[in-house]
>>> print(open('data-v2.cif').read())   # mmCIF, C-alpha atoms
data_coords
#
loop_
_atom_site.label_atom_id
_atom_site.label_comp_id
_atom_site.auth_asym_id
_atom_site.auth_seq_id
_atom_site.Cartn_x
_atom_site.Cartn_y
_atom_site.Cartn_z
CA MET A 436 18.45 -7.32 18.11
CA ILE A 437 14.86 -6.28 17.52
CA ALA A 438 12.14 -7.87 19.60
CA ASN A 439 9.57 -10.04 17.86
CA TYR A 440 6.68 -8.17 16.24
CA GLU A 441 4.16 -10.96 16.69
CA THR A 442 4.56 -14.60 17.63
CA GLN A 443 2.54 -17.31 15.99
CA SER A 444 2.14 -19.10 19.32
CA ALA A 445 3.98 -19.59 22.58
CA THR A 446 5.18 -23.00 21.45
CA THR A 447 6.13 -22.20 17.85
CA THR A 448 9.30 -23.85 16.61
CA ALA A 449 9.66 -21.72 13.47
CA VAL A 450 13.07 -20.22 12.87
CA ASN A 451 11.49 -16.80 12.36
CA THR A 452 8.54 -15.82 14.54
CA LYS A 453 8.47 -12.17 13.46
CA VAL A 454 5.28 -11.53 11.52
CA VAL A 455 3.87 -8.54 9.64
CA ARG A 456 0.20 -8.28 8.73
CA VAL A 457 -0.40 -7.80 5.00
CA TYR A 458 -3.83 -6.76 3.71
CA ALA A 459 -3.91 -7.62 0.00
CA CYS A 460 -6.86 -5.77 -1.52
CA GLY A 461 -8.45 -6.16 -4.96
CA GLY A 462 -6.99 -7.91 -7.99
CA PHE A 463 -3.59 -6.22 -7.96
CA GLY A 464 -3.21 -6.51 -4.18
CA ILE A 465 -4.24 -10.17 -4.14
CA ASN A 466 -1.78 -11.07 -6.88
CA ARG A 467 1.11 -9.32 -5.12
CA GLY A 468 0.05 -10.74 -1.75
CA ARG A 469 0.15 -14.22 -3.28
CA ASP A 470 3.63 -13.50 -4.68
CA ILE A 471 4.85 -12.33 -1.27
CA GLN A 472 3.34 -15.34 0.49
CA GLU A 473 4.76 -17.84 -2.00
CA SER A 474 8.23 -16.28 -1.95
CA TYR A 475 8.37 -16.74 1.82
CA VAL A 476 6.92 -20.26 1.86
CA THR A 477 9.43 -21.50 -0.71
CA MET A 478 12.48 -20.10 1.14
CA SER A 479 14.84 -22.32 3.05
CA GLU A 480 14.60 -22.10 6.84
CA ARG A 481 17.93 -20.30 6.92
CA ASP A 482 16.72 -17.68 4.45
CA LYS A 483 13.47 -17.17 6.36
CA ALA A 484 15.47 -15.96 9.33
CA HIS A 485 16.43 -12.89 7.28
CA TYR A 486 12.87 -11.78 6.56
CA VAL A 487 9.61 -11.21 8.39
CA LYS A 488 6.83 -13.70 7.83
CA PRO A 489 3.93 -12.15 5.88
CA ASP A 490 0.56 -12.94 7.44
CA VAL A 491 -1.60 -12.19 4.41
CA VAL A 492 -5.32 -11.41 4.39
CA TYR A 493 -6.95 -11.35 0.94
CA VAL A 494 -9.77 -8.79 0.69
CA ASP A 495 -12.06 -8.14 -2.29
CA SER A 496 -15.63 -7.49 -3.43
CA SER A 497 -15.98 -10.92 -5.05
CA ARG A 498 -14.39 -14.37 -4.93
CA GLY A 499 -13.24 -14.23 -8.56
CA ASN A 500 -9.71 -13.05 -7.72
CA LEU A 501 -9.30 -15.67 -4.98
CA ILE A 502 -9.18 -18.63 -7.38
CA GLY A 503 -5.94 -20.52 -6.92
CA LEU A 504 -5.33 -19.52 -3.30
CA GLU A 505 -4.70 -22.21 -0.71
CA ALA A 506 -7.83 -23.49 1.01
CA SER A 507 -6.40 -22.21 4.29
CA ALA A 508 -5.95 -18.65 2.97
CA GLN A 509 -7.42 -15.90 5.11
CA THR A 510 -10.07 -14.09 3.08
CA TYR A 511 -12.74 -11.45 3.46
CA ILE A 512 -15.40 -10.70 0.83
CA LEU A 513 -17.31 -7.44 1.04
CA LYS A 514 -21.01 -7.88 1.74
CA GLN A 515 -24.12 -6.13 0.56
CA LYS A 516 -26.13 -4.17 3.06
CA PRO A 517 -28.40 -6.47 5.08
CA ASP A 518 -31.97 -6.86 3.89
CA LEU A 519 -34.10 -7.69 6.91
CA LEU A 520 -36.72 -9.38 4.72
CA LYS A 521 -34.36 -11.51 2.62
CA ASN A 522 -30.95 -11.81 4.29
CA ALA A 523 -30.38 -10.26 7.70
CA THR A 524 -26.59 -10.72 7.61
CA GLY A 525 -25.99 -9.43 4.08
CA GLU A 526 -24.78 -11.56 1.19
CA GLU A 527 -21.29 -11.49 -0.26
CA LEU A 528 -20.91 -9.26 -3.29
CA THR A 529 -20.16 -10.78 -6.66
CA GLY A 530 -18.24 -7.67 -7.73
CA GLY A 531 -18.50 -3.92 -7.47
CA GLY A 532 -18.98 -3.03 -11.11
CA GLY A 533 -16.33 -0.34 -10.80
CA ASP A 534 -18.75 1.82 -8.77
CA ARG A 535 -16.50 3.49 -6.22
CA ALA A 536 -19.28 5.48 -4.55
CA TYR A 537 -21.29 2.32 -3.89
CA LEU A 538 -18.25 0.33 -2.73
CA ARG A 539 -16.87 3.08 -0.51
CA GLU A 540 -19.97 3.14 1.68
CA LEU A 541 -19.84 -0.64 2.11
CA ALA A 542 -16.05 -0.64 2.68
CA GLU A 543 -16.28 2.11 5.29
CA GLU A 544 -18.84 0.08 7.23
CA ALA A 545 -16.87 -3.16 6.79
CA ALA A 546 -13.40 -1.90 7.77
CA PRO A 547 -13.91 -2.21 11.56
CA GLU A 548 -15.20 -5.76 11.06
CA ILE A 549 -12.25 -6.67 8.83
CA VAL A 550 -9.63 -5.50 11.33
CA ALA A 551 -11.55 -7.07 14.22
CA LYS A 552 -11.51 -10.43 12.43
CA PHE A 553 -7.93 -9.98 11.22
CA PRO A 554 -6.36 -7.58 13.77
CA PHE A 555 -3.53 -5.17 13.13
CA PHE A 556 -0.05 -6.26 14.16
CA THR A 557 2.75 -3.99 15.31
CA TYR A 558 3.60 -3.35 11.66
CA ASN A 559 1.05 -3.57 8.84
CA VAL A 560 1.19 -3.37 5.05
CA VAL A 561 -1.78 -2.59 2.79
CA ILE A 562 -1.46 -3.30 -0.95
CA PHE A 563 -3.84 -2.08 -3.65
CA SER A 564 -4.20 -0.44 -7.04
CA ALA A 565 -5.27 3.21 -7.05
CA HIS A 566 -6.96 3.14 -10.44
CA GLY A 567 -9.45 0.35 -9.82
CA ALA A 568 -12.49 0.27 -7.56
CA SER A 569 -12.68 -2.64 -5.10
CA GLY A 570 -9.03 -2.78 -4.04
CA CYS A 571 -8.58 0.92 -3.43
CA THR A 572 -11.88 1.49 -1.61
CA LEU A 573 -11.19 -1.45 0.72
CA GLY A 574 -7.48 -0.67 1.10
CA MET A 575 -8.07 2.99 1.91
CA GLN A 576 -10.61 2.20 4.62
CA ILE A 577 -8.28 -0.36 6.24
CA TYR A 578 -5.53 2.29 6.09
CA ARG A 579 -7.94 4.78 7.66
CA GLU A 580 -8.69 2.35 10.50
CA ALA A 581 -4.96 1.88 11.10
CA LEU A 582 -4.52 5.64 11.42
CA LYS A 583 -7.46 5.90 13.82
CA GLN A 584 -5.97 3.16 15.99
CA LYS A 585 -2.47 4.68 15.78
CA LYS A 586 -0.99 1.56 14.18
CA HIS A 587 2.17 1.54 12.08
CA VAL A 588 1.12 1.19 8.46
CA VAL A 589 2.91 1.12 5.12
CA LEU A 590 0.97 1.33 1.86
CA ILE A 591 2.07 -0.22 -1.42
CA VAL A 592 0.08 1.55 -4.12
CA VAL A 593 0.21 1.36 -7.91
CA GLY A 594 -1.47 4.13 -9.89
CA GLY A 595 -2.55 4.35 -13.49
CA ALA A 596 -0.81 6.77 -15.85
CA HIS A 597 -2.84 5.69 -18.89
CA GLY A 598 -6.35 6.81 -19.74
CA ALA A 599 -8.22 9.77 -18.27
CA HIS A 600 -10.47 7.62 -16.08
CA ARG A 601 -7.56 5.73 -14.48
CA VAL A 602 -5.62 8.95 -13.92
CA GLN A 603 -8.64 10.58 -12.30
CA ASN A 604 -9.18 7.56 -10.04
CA THR A 605 -5.51 7.54 -9.02
CA ASN A 606 -5.60 11.26 -8.33
CA ALA A 607 -8.63 10.88 -6.06
CA VAL A 608 -6.92 8.11 -4.08
CA LEU A 609 -3.72 10.10 -3.51
CA ARG A 610 -5.70 13.07 -2.26
CA ALA A 611 -7.74 10.84 0.05
CA LEU A 612 -4.59 9.22 1.48
CA MET A 613 -3.24 12.67 2.39
CA LYS A 614 -6.54 13.79 3.87
CA TYR A 615 -7.00 10.68 6.02
CA GLN A 616 -3.48 11.12 7.38
CA GLN A 617 -4.08 14.76 8.26
CA ASP A 618 -7.48 14.03 9.81
CA ASN A 619 -5.98 11.45 12.17
CA ASN A 620 -2.62 13.17 12.87
CA TRP A 621 -0.61 9.97 12.60
CA SER A 622 2.27 9.31 10.24
CA ALA A 623 2.21 6.67 7.51
CA GLY A 624 4.25 5.79 4.46
CA VAL A 625 3.31 5.02 0.87
CA TYR A 626 5.48 3.25 -1.67
CA TYR A 627 4.03 4.49 -4.96
CA GLN A 628 4.57 3.30 -8.51
CA GLU A 629 2.75 4.19 -11.73
CA ASN A 630 1.75 1.59 -14.29
CA PRO A 631 2.54 3.21 -17.66
CA GLY A 632 0.21 1.16 -19.84
CA LEU A 633 -2.49 -1.44 -20.32
CA LEU A 634 -0.42 -4.36 -21.59
CA PRO A 635 0.87 -7.18 -19.37
CA THR A 636 4.42 -6.25 -20.35
CA ASP A 637 3.84 -2.76 -18.96
CA GLU A 638 2.98 -4.26 -15.59
CA LEU A 639 5.98 -6.57 -15.26
CA GLY A 640 8.48 -3.87 -14.35
CA VAL A 641 6.09 -2.33 -11.82
CA ASN A 642 5.40 -5.70 -10.20
CA GLN A 643 9.13 -6.37 -9.92
CA LYS A 644 9.73 -3.03 -8.20
CA VAL A 645 6.94 -3.72 -5.73
CA LEU A 646 8.44 -7.09 -4.79
CA GLU A 647 11.91 -5.56 -4.47
CA PHE A 648 10.53 -2.93 -2.10
CA TRP A 649 8.83 -5.65 -0.05
CA ALA A 650 12.12 -7.59 0.13
CA GLY A 651 13.96 -4.53 1.47
CA LEU A 652 11.21 -3.67 3.95
CA SER A 653 10.93 -7.29 5.11
CA ASN A 654 14.70 -7.60 5.52
CA VAL A 655 15.00 -4.55 7.77
CA LEU A 656 11.89 -5.37 9.81
CA ALA A 657 13.27 -8.86 10.47
CA GLY A 658 15.56 -7.26 13.02
CA ASN A 659 18.72 -9.23 12.37
CA ALA A 660 20.86 -6.09 12.54
CA SER A 661 22.54 -5.15 15.79
CA ARG A 662 22.26 -1.50 16.85
CA LEU A 663 18.77 -1.32 15.32
CA ASP A 664 16.07 -2.07 17.86
CA GLN A 665 12.29 -2.03 17.66
CA ARG A 666 12.03 1.56 18.83
CA ASP A 667 14.39 2.67 16.07
CA ILE A 668 12.11 1.08 13.50
CA MET A 669 9.06 2.74 15.04
CA ASN A 670 10.86 6.07 14.84
CA TRP A 671 11.33 5.69 11.09
CA LEU A 672 7.83 7.04 10.37
CA GLN A 673 6.70 8.19 13.82
CA LEU A 674 9.68 10.47 14.36
CA PRO A 675 10.82 11.00 17.96
CA ASP A 676 8.77 13.61 19.82
CA SER A 677 11.97 15.44 20.68
CA LEU A 678 12.28 16.49 17.02
CA GLN A 679 8.93 18.33 17.30
CA LEU A 680 7.97 17.58 13.69
CA ALA A 681 4.38 17.31 12.52
CA LYS A 682 2.98 13.90 11.57
CA SER A 683 3.03 13.32 7.83
CA LEU A 684 2.42 10.97 4.93
CA TYR A 685 5.84 10.04 3.51
CA LEU A 686 6.88 8.68 0.15
CA LEU A 687 8.88 5.51 0.77
CA GLY A 688 11.73 3.83 -1.03
CA ALA A 689 14.14 0.94 -0.61
CA CYS A 690 17.69 1.60 -1.80
CA PHE A 691 20.12 -1.27 -2.41
CA SER A 692 23.03 0.59 -4.00
CA ASP A 693 24.99 3.83 -3.91
CA SER A 694 23.32 5.13 -7.05
CA GLU A 695 19.82 4.51 -5.70
CA LEU A 696 20.69 6.26 -2.45
CA GLU A 697 22.25 9.18 -4.28
CA GLY A 698 19.04 9.55 -6.30
CA ALA A 699 16.77 9.74 -3.26
CA LYS A 700 15.32 13.24 -2.86
CA ASN A 701 13.92 15.21 0.09
CA VAL A 702 14.78 12.42 2.51
CA VAL A 703 13.52 12.99 6.04
CA SER A 704 14.17 9.62 7.70
CA VAL A 705 16.29 6.54 6.96
CA ILE A 706 16.71 3.18 8.64
CA GLY A 707 18.75 0.36 7.22
CA ALA A 708 20.83 -2.74 7.64
CA VAL A 709 24.37 -3.06 6.30
CA ALA A 710 27.12 -5.65 6.27
CA PRO A 711 30.22 -4.80 8.39
CA ASN A 712 32.35 -4.16 5.29
CA THR A 713 29.83 -1.89 3.53
CA GLU A 714 31.33 1.20 1.89
CA LEU A 715 29.40 4.16 0.52
CA SER A 716 30.09 6.85 -2.05
CA ASP A 717 30.28 10.48 -1.02
CA GLY A 718 26.90 11.10 -2.69
CA ALA A 719 25.24 8.26 -0.78
CA ARG A 720 26.72 9.53 2.49
CA ALA A 721 25.42 13.02 1.69
CA THR A 722 21.88 11.65 1.29
CA LEU A 723 22.09 9.84 4.61
CA ASN A 724 23.55 12.84 6.40
CA SER A 725 20.75 15.06 5.07
CA ALA A 726 18.10 13.00 6.90
CA VAL A 727 16.54 14.36 10.07
CA TYR A 728 16.45 10.84 11.51
CA LEU A 729 19.02 8.15 10.65
CA LYS A 730 19.68 4.76 12.20
CA LEU A 731 21.62 1.91 10.63
CA GLY A 732 22.03 -1.59 11.96
CA VAL A 733 24.87 -4.00 11.24
CA VAL A 734 24.21 -7.55 10.06
CA GLU A 735 26.87 -9.79 11.57
CA ASP A 736 26.55 -12.61 9.06
CA SER A 737 29.22 -14.17 6.90
CA ASP A 738 26.69 -14.54 4.07
CA PRO A 739 24.00 -11.83 4.41
CA GLN A 740 20.94 -11.93 2.16
CA LEU A 741 21.48 -8.29 1.24
CA ASN A 742 24.79 -6.44 1.65
CA ALA A 743 22.95 -3.21 2.32
CA VAL A 744 19.36 -1.95 2.30
CA PHE A 745 18.22 1.55 3.22
CA LEU A 746 14.55 2.36 3.77
CA THR A 747 13.92 6.02 2.98
CA ALA A 748 10.97 8.20 3.96
CA SER A 749 10.78 11.39 1.92
CA ALA A 750 8.60 14.46 2.21
CA LEU A 751 5.80 14.94 -0.29
CA THR A 752 7.26 17.59 -2.54
CA ASP A 753 5.57 20.56 -4.19
CA GLU A 754 6.41 18.93 -7.51
CA PHE A 755 4.61 15.73 -6.51
CA LEU A 756 1.58 17.61 -5.18
CA ARG A 757 1.38 19.83 -8.25
CA GLY A 758 1.54 16.70 -10.37
CA VAL A 759 -1.42 15.26 -8.47
CA VAL A 760 -3.41 18.45 -9.01
CA SER A 761 -2.50 18.94 -12.68
CA SER A 762 -3.02 15.28 -13.63
CA GLY A 763 -6.43 15.34 -11.99
CA SER A 764 -7.32 18.56 -13.78
CA ASN A 765 -6.14 17.19 -17.13
CA ALA A 766 -8.14 14.00 -16.60
CA ARG A 767 -11.29 15.98 -15.83
CA ASP A 768 -10.77 18.08 -18.96
CA GLU A 769 -10.36 14.97 -21.10
CA LEU A 770 -13.48 13.36 -19.66
CA SER A 771 -15.39 16.60 -20.19
CA ARG A 772 -14.28 16.82 -23.82
CA ALA A 773 -15.33 13.21 -24.39
CA ALA A 774 -18.73 13.81 -22.81
CA ARG A 775 -19.50 17.00 -24.76
CA PRO A 776 -20.30 15.38 -28.16
CA VAL A 777 -22.58 12.85 -26.45
CA ALA A 778 -24.45 15.66 -24.70
CA GLN A 779 -24.79 17.53 -27.99
CA VAL A 780 -26.28 14.48 -29.70
CA HIS A 781 -28.79 14.04 -26.88
CA GLU A 782 -29.81 17.69 -27.09
CA LEU A 783 -30.20 17.54 -30.89
CA ALA A 784 -32.25 14.35 -30.64
CA ARG A 785 -34.52 15.97 -28.08
CA LYS A 786 -35.21 18.83 -30.50
CA LEU A 787 -35.71 16.68 -33.61
CA PHE A 788 -37.83 13.84 -32.30
CA ASP A 789 -41.01 13.56 -30.29
CA ASP A 790 -43.15 10.69 -29.04
CA ASN A 791 -44.82 10.29 -32.44
CA ASP A 792 -41.48 9.17 -33.90
CA VAL A 793 -41.31 6.14 -31.61
CA PHE A 794 -42.62 2.86 -33.07
#
>>> encode(input="data-v2.cif", output="C-alpha cells")
Amino acid sequence: MIANYETQSATTTAVNTKVVRVYACGGFGINRGRDIQESYVTMSERDKAHYVKPDVVYVDSSRGNLIGLEASAQTYILKQKPDLLKNATGEELTGGGGDRAYLRELAEEAAPEIVAKFPFFTYNVVIFSAHGASGCTLGMQIYREALKQKKHVVLIVVGGAHGAHRVQNTNAVLRALMKYQQDNNWSAGVYYQENPGLLPTDELGVNQKVLEFWAGLSNVLAGNASRLDQRDIMNWLQLPDSLQLAKSLYLLGACFSDSELEGAKNVVSVIGAVAPNTELSDGARATLNSAVYLKLGVVEDSDPQLNAVFLTASALTDEFLRGVVSSGSNARDELSRAARPVAQVHELARKLFDDNDVF
C-alpha cells in the first residue's frame, strides 16, 4: 500500500488522509477546481477512501471568479506592483484586461509567494486554460516553480481551437511549457484538451473529460492497490535513473477500457490499478508491453470504484509539435491579414487629412 502523501494533522480521524495540492488558476481552473472539491466533499466516507483528497487553492487576478466559493476557501489574488507613495504592499488587481505581458511580470514575481503561502505537496496539480490571460500566466509560473523545486507536477490544460487569437495564445503556452521543462531538467506531465468552440455546449464535453481524467489520477494516487507503492508512482514521470532517459514533458491520459488503451500512442510509461479479475484485449496488452516503464497495482476490493484505470505518459510526437508550430503560424497569418486593412486605412487617412481638417 502506498504511504500517505500528506496528512491533514497528526490527530486526523478522516478515512482518507492522502492529499494532493491543486492550484486552480483563472476562470476555467477555478470552475474545475470547484467541481473537483465538491465531488470529493459530497462522497460517502467509504468512497473517499478510493480517492485522494484535493487541497484546492484558487488563484486569479481578480475576485470576480471566486463568487460562490466557501468562505473558508483558500484563495490568492494577484497584486499590483507596490507604490511606495500610495500602497507599499500593493493592492489586489481587479482583473488583467487580457494583457499577458503585464500579468506575466506580476505572476513571475508572485509565484514564490504563492507557493510559500500554499506549499507544494508530494504530488501537485495545476489547472488552467491556455487561451486566456490570468489563468495561464499564473498557472505557468506555479508550474515553473514546481520544476525549479523538483516537485512532482501534473498540468491540466485546455486550449482554444477557435479564433486566431485563442489559437496563438494556446500555441505560446504550449511552447513555454516545453521550454520551462527543458530549462529545469525535471519531468512533468500535461493532460491537454482543446475546446472546439465558443458556445457553452462546446465546453461541456471538454469539462467532462477533464473530470474523468482527475478521477483516474485521483484513484491511482490514493494508493489502495497492492504492488504499487509510492516510489512506483514517482517513477511514472521521473523514470528510474537506471533507464538513463532524459527528463521530458509528457502528454498524459487516463484509460478506463481496452479500446482507450489500444488507442494510446507513443506510450513511454504506465501505472495503474486493476481489479483481480481484470482481463485485457491483445491490443491493450500490446500498448502496455510497449511502455518503457510499467507498474500495475491490484485493488483487493469486492466492490472497487473503478475496475481498471491506467495512467499513460506519452512522448510529445513530431506530429504534435508540428501542429503547435503550424497552428501558431496560421494564427499569426490570420492576425496579420486582419491588421493589414486597418493599417492601410490609417496610412490613407494620414495622406488625405491634416490638422486643418480637425474641428
>>> residues_around(input="data-v2.cif", residues="His587 in chain A", least_positions_apart="3", cutoff="7 Å", atoms="all atoms listed in the file", output="list in words")
Thr557, Tyr558, Asn559 and Ala623 of chain A
>>> resolve_selection(input="data-v2.cif", expression="the PyMOL selection byres ((chain A and resi 560-574) around 9)", output="PyMOL selection string")
chain A and resi 455-465+467-468+494-497+513+530-536+538-543+545-546+558-559+575-579+587-596+600-609
>>> resolve_selection(input="data-v2.cif", expression="the PyMOL selection byres ((chain A and resi 488) around 9)", output="list in words")
Asn451, Thr452, Lys453, Val454, Val455, Arg456, Gln472, Tyr475, Val476, Lys483, Tyr486, Val487, Pro489, Asp490, Ser653 and Ala657 of chain A
>>> write_last_selection(input="data-v2.cif", atoms="C-alpha atoms", output="mmCIF file, in the coordinates of the input")
data_model
loop_
_atom_site.group_PDB
_atom_site.id
_atom_site.type_symbol
_atom_site.label_atom_id
_atom_site.label_comp_id
_atom_site.auth_asym_id
_atom_site.auth_seq_id
_atom_site.Cartn_x
_atom_site.Cartn_y
_atom_site.Cartn_z
ATOM 1 C CA ASN A 451 11.490 -16.800 12.360
ATOM 2 C CA THR A 452 8.540 -15.820 14.540
ATOM 3 C CA LYS A 453 8.470 -12.170 13.460
ATOM 4 C CA VAL A 454 5.280 -11.530 11.520
ATOM 5 C CA VAL A 455 3.870 -8.540 9.640
ATOM 6 C CA ARG A 456 0.200 -8.280 8.730
ATOM 7 C CA GLN A 472 3.340 -15.340 0.490
ATOM 8 C CA TYR A 475 8.370 -16.740 1.820
ATOM 9 C CA VAL A 476 6.920 -20.260 1.860
ATOM 10 C CA LYS A 483 13.470 -17.170 6.360
ATOM 11 C CA TYR A 486 12.870 -11.780 6.560
ATOM 12 C CA VAL A 487 9.610 -11.210 8.390
ATOM 13 C CA PRO A 489 3.930 -12.150 5.880
ATOM 14 C CA ASP A 490 0.560 -12.940 7.440
ATOM 15 C CA SER A 653 10.930 -7.290 5.110
ATOM 16 C CA ALA A 657 13.270 -8.860 10.470
#
>>> atom_distance(input="data-v2.cif", atom1="CA of Gln740 in chain A", atom2="CA of Asp470 in chain A")
18.7 Å
>>> residues_around(input="data-v2.cif", residues="range 681-690 of chain A", least_positions_apart="2", cutoff="7 Å", atoms="all atoms listed in the file", output="JSON, numbers by chain")
{"A": [613, 616, 620, 621, 622, 623, 624, 625, 626, 648, 651, 679, 692, 695, 696, 744, 745, 746, 747, 748, 749, 750, 751]}
>>> atom_distance(input="data-v2.cif", atom1="CA of Val641 in chain A", atom2="CA of Leu674 in chain A")
29.4 Å
>>> atom_distance(input="data-v2.cif", atom1="CA of Tyr728 in chain A", atom2="CA of Val705 in chain A")
6.3 Å
>>> resolve_selection(input="data-v2.cif", expression="the PyMOL selection byres ((chain A and resi 710-726) around 10)", output="NGL selection string")
:A and (660 or 692-706 or 708-709 or 727-745 or 747-749)
>>> closest_residue(input="data-v2.cif", among="A:Ala484, A:Ser507, A:Phe556, A:Ala599", to="Lys585 in chain A", atoms="only C-alpha atoms")
A:Phe556
>>> closest_residue(input="data-v2.cif", among="A:Gly658, A:Met478, A:Val550, A:His485", to="Thr510 in chain A", atoms="only C-alpha atoms")
A:Val550
>>> build_atoms(input="data-v2.cif", residues="range 586-605 of chain A", atoms="N, CA, C and O atoms", output="PDB file, in the frame of the given file")
ATOM      1  N   LYS A 586      -1.798   2.713  14.528  1.00  0.00           N
ATOM      2  CA  LYS A 586      -0.990   1.560  14.180  1.00  0.00           C
ATOM      3  C   LYS A 586       0.019   1.943  13.103  1.00  0.00           C
ATOM      4  O   LYS A 586      -0.236   2.819  12.283  1.00  0.00           O
ATOM      5  N   HIS A 587       1.141   1.269  13.089  1.00  0.00           N
ATOM      6  CA  HIS A 587       2.170   1.540  12.080  1.00  0.00           C
ATOM      7  C   HIS A 587       1.744   0.886  10.774  1.00  0.00           C
ATOM      8  O   HIS A 587       1.526  -0.325  10.726  1.00  0.00           O
ATOM      9  N   VAL A 588       1.647   1.702   9.725  1.00  0.00           N
ATOM     10  CA  VAL A 588       1.120   1.190   8.460  1.00  0.00           C
ATOM     11  C   VAL A 588       1.939   1.720   7.286  1.00  0.00           C
ATOM     12  O   VAL A 588       2.300   2.898   7.237  1.00  0.00           O
ATOM     13  N   VAL A 589       2.223   0.805   6.368  1.00  0.00           N
ATOM     14  CA  VAL A 589       2.910   1.120   5.120  1.00  0.00           C
ATOM     15  C   VAL A 589       1.977   0.712   3.982  1.00  0.00           C
ATOM     16  O   VAL A 589       1.429  -0.393   3.979  1.00  0.00           O
ATOM     17  N   LEU A 590       1.788   1.607   3.032  1.00  0.00           N
ATOM     18  CA  LEU A 590       0.970   1.330   1.860  1.00  0.00           C
ATOM     19  C   LEU A 590       1.862   1.013   0.669  1.00  0.00           C
ATOM     20  O   LEU A 590       2.900   1.651   0.476  1.00  0.00           O
ATOM     21  N   ILE A 591       1.452   0.046  -0.124  1.00  0.00           N
ATOM     22  CA  ILE A 591       2.070  -0.220  -1.420  1.00  0.00           C
ATOM     23  C   ILE A 591       0.983   0.026  -2.455  1.00  0.00           C
ATOM     24  O   ILE A 591      -0.002  -0.719  -2.523  1.00  0.00           O
ATOM     25  N   VAL A 592       1.143   1.091  -3.223  1.00  0.00           N
ATOM     26  CA  VAL A 592       0.080   1.550  -4.120  1.00  0.00           C
ATOM     27  C   VAL A 592       0.619   1.697  -5.533  1.00  0.00           C
ATOM     28  O   VAL A 592       1.684   2.284  -5.746  1.00  0.00           O
ATOM     29  N   VAL A 593      -0.119   1.174  -6.498  1.00  0.00           N
ATOM     30  CA  VAL A 593       0.210   1.360  -7.910  1.00  0.00           C
ATOM     31  C   VAL A 593      -0.896   2.181  -8.557  1.00  0.00           C
ATOM     32  O   VAL A 593      -2.087   1.857  -8.428  1.00  0.00           O
ATOM     33  N   GLY A 594      -0.506   3.269  -9.221  1.00  0.00           N
ATOM     34  CA  GLY A 594      -1.470   4.130  -9.890  1.00  0.00           C
ATOM     35  C   GLY A 594      -1.458   3.910 -11.385  1.00  0.00           C
ATOM     36  O   GLY A 594      -0.574   3.250 -11.930  1.00  0.00           O
ATOM     37  N   GLY A 595      -2.448   4.473 -12.049  1.00  0.00           N
ATOM     38  CA  GLY A 595      -2.550   4.350 -13.490  1.00  0.00           C
ATOM     39  C   GLY A 595      -2.182   5.646 -14.179  1.00  0.00           C
ATOM     40  O   GLY A 595      -2.731   6.698 -13.864  1.00  0.00           O
ATOM     41  N   ALA A 596      -1.239   5.588 -15.103  1.00  0.00           N
ATOM     42  CA  ALA A 596      -0.810   6.770 -15.850  1.00  0.00           C
ATOM     43  C   ALA A 596      -1.359   6.746 -17.268  1.00  0.00           C
ATOM     44  O   ALA A 596      -0.913   7.509 -18.120  1.00  0.00           O
ATOM     45  N   HIS A 597      -2.323   5.875 -17.538  1.00  0.00           N
ATOM     46  CA  HIS A 597      -2.840   5.690 -18.890  1.00  0.00           C
ATOM     47  C   HIS A 597      -4.362   5.780 -18.857  1.00  0.00           C
ATOM     48  O   HIS A 597      -5.021   5.091 -18.096  1.00  0.00           O
ATOM     49  N   GLY A 598      -4.907   6.658 -19.661  1.00  0.00           N
ATOM     50  CA  GLY A 598      -6.350   6.810 -19.740  1.00  0.00           C
ATOM     51  C   GLY A 598      -6.879   7.794 -18.714  1.00  0.00           C
ATOM     52  O   GLY A 598      -6.514   7.734 -17.534  1.00  0.00           O
ATOM     53  N   ALA A 599      -7.741   8.709 -19.151  1.00  0.00           N
ATOM     54  CA  ALA A 599      -8.220   9.770 -18.270  1.00  0.00           C
ATOM     55  C   ALA A 599      -8.933   9.224 -17.039  1.00  0.00           C
ATOM     56  O   ALA A 599      -8.761   9.742 -15.931  1.00  0.00           O
ATOM     57  N   HIS A 600      -9.704   8.151 -17.218  1.00  0.00           N
ATOM     58  CA  HIS A 600     -10.470   7.620 -16.080  1.00  0.00           C
ATOM     59  C   HIS A 600      -9.537   7.045 -15.017  1.00  0.00           C
ATOM     60  O   HIS A 600      -9.730   7.274 -13.819  1.00  0.00           O
ATOM     61  N   ARG A 601      -8.505   6.310 -15.444  1.00  0.00           N
ATOM     62  CA  ARG A 601      -7.560   5.730 -14.480  1.00  0.00           C
ATOM     63  C   ARG A 601      -6.761   6.819 -13.777  1.00  0.00           C
ATOM     64  O   ARG A 601      -6.498   6.731 -12.582  1.00  0.00           O
ATOM     65  N   VAL A 602      -6.370   7.844 -14.530  1.00  0.00           N
ATOM     66  CA  VAL A 602      -5.620   8.950 -13.920  1.00  0.00           C
ATOM     67  C   VAL A 602      -6.488   9.664 -12.894  1.00  0.00           C
ATOM     68  O   VAL A 602      -6.027  10.001 -11.792  1.00  0.00           O
ATOM     69  N   GLN A 603      -7.742   9.908 -13.239  1.00  0.00           N
ATOM     70  CA  GLN A 603      -8.640  10.580 -12.300  1.00  0.00           C
ATOM     71  C   GLN A 603      -8.841   9.743 -11.036  1.00  0.00           C
ATOM     72  O   GLN A 603      -8.833  10.270  -9.920  1.00  0.00           O
ATOM     73  N   ASN A 604      -9.025   8.440 -11.199  1.00  0.00           N
ATOM     74  CA  ASN A 604      -9.180   7.560 -10.040  1.00  0.00           C
ATOM     75  C   ASN A 604      -7.942   7.592  -9.152  1.00  0.00           C
ATOM     76  O   ASN A 604      -8.027   7.672  -7.917  1.00  0.00           O
ATOM     77  N   THR A 605      -6.762   7.505  -9.780  1.00  0.00           N
ATOM     78  CA  THR A 605      -5.510   7.540  -9.020  1.00  0.00           C
ATOM     79  C   THR A 605      -5.369   8.850  -8.272  1.00  0.00           C
ATOM     80  O   THR A 605      -4.988   8.882  -7.092  1.00  0.00           O
TER      81      THR A 605
END
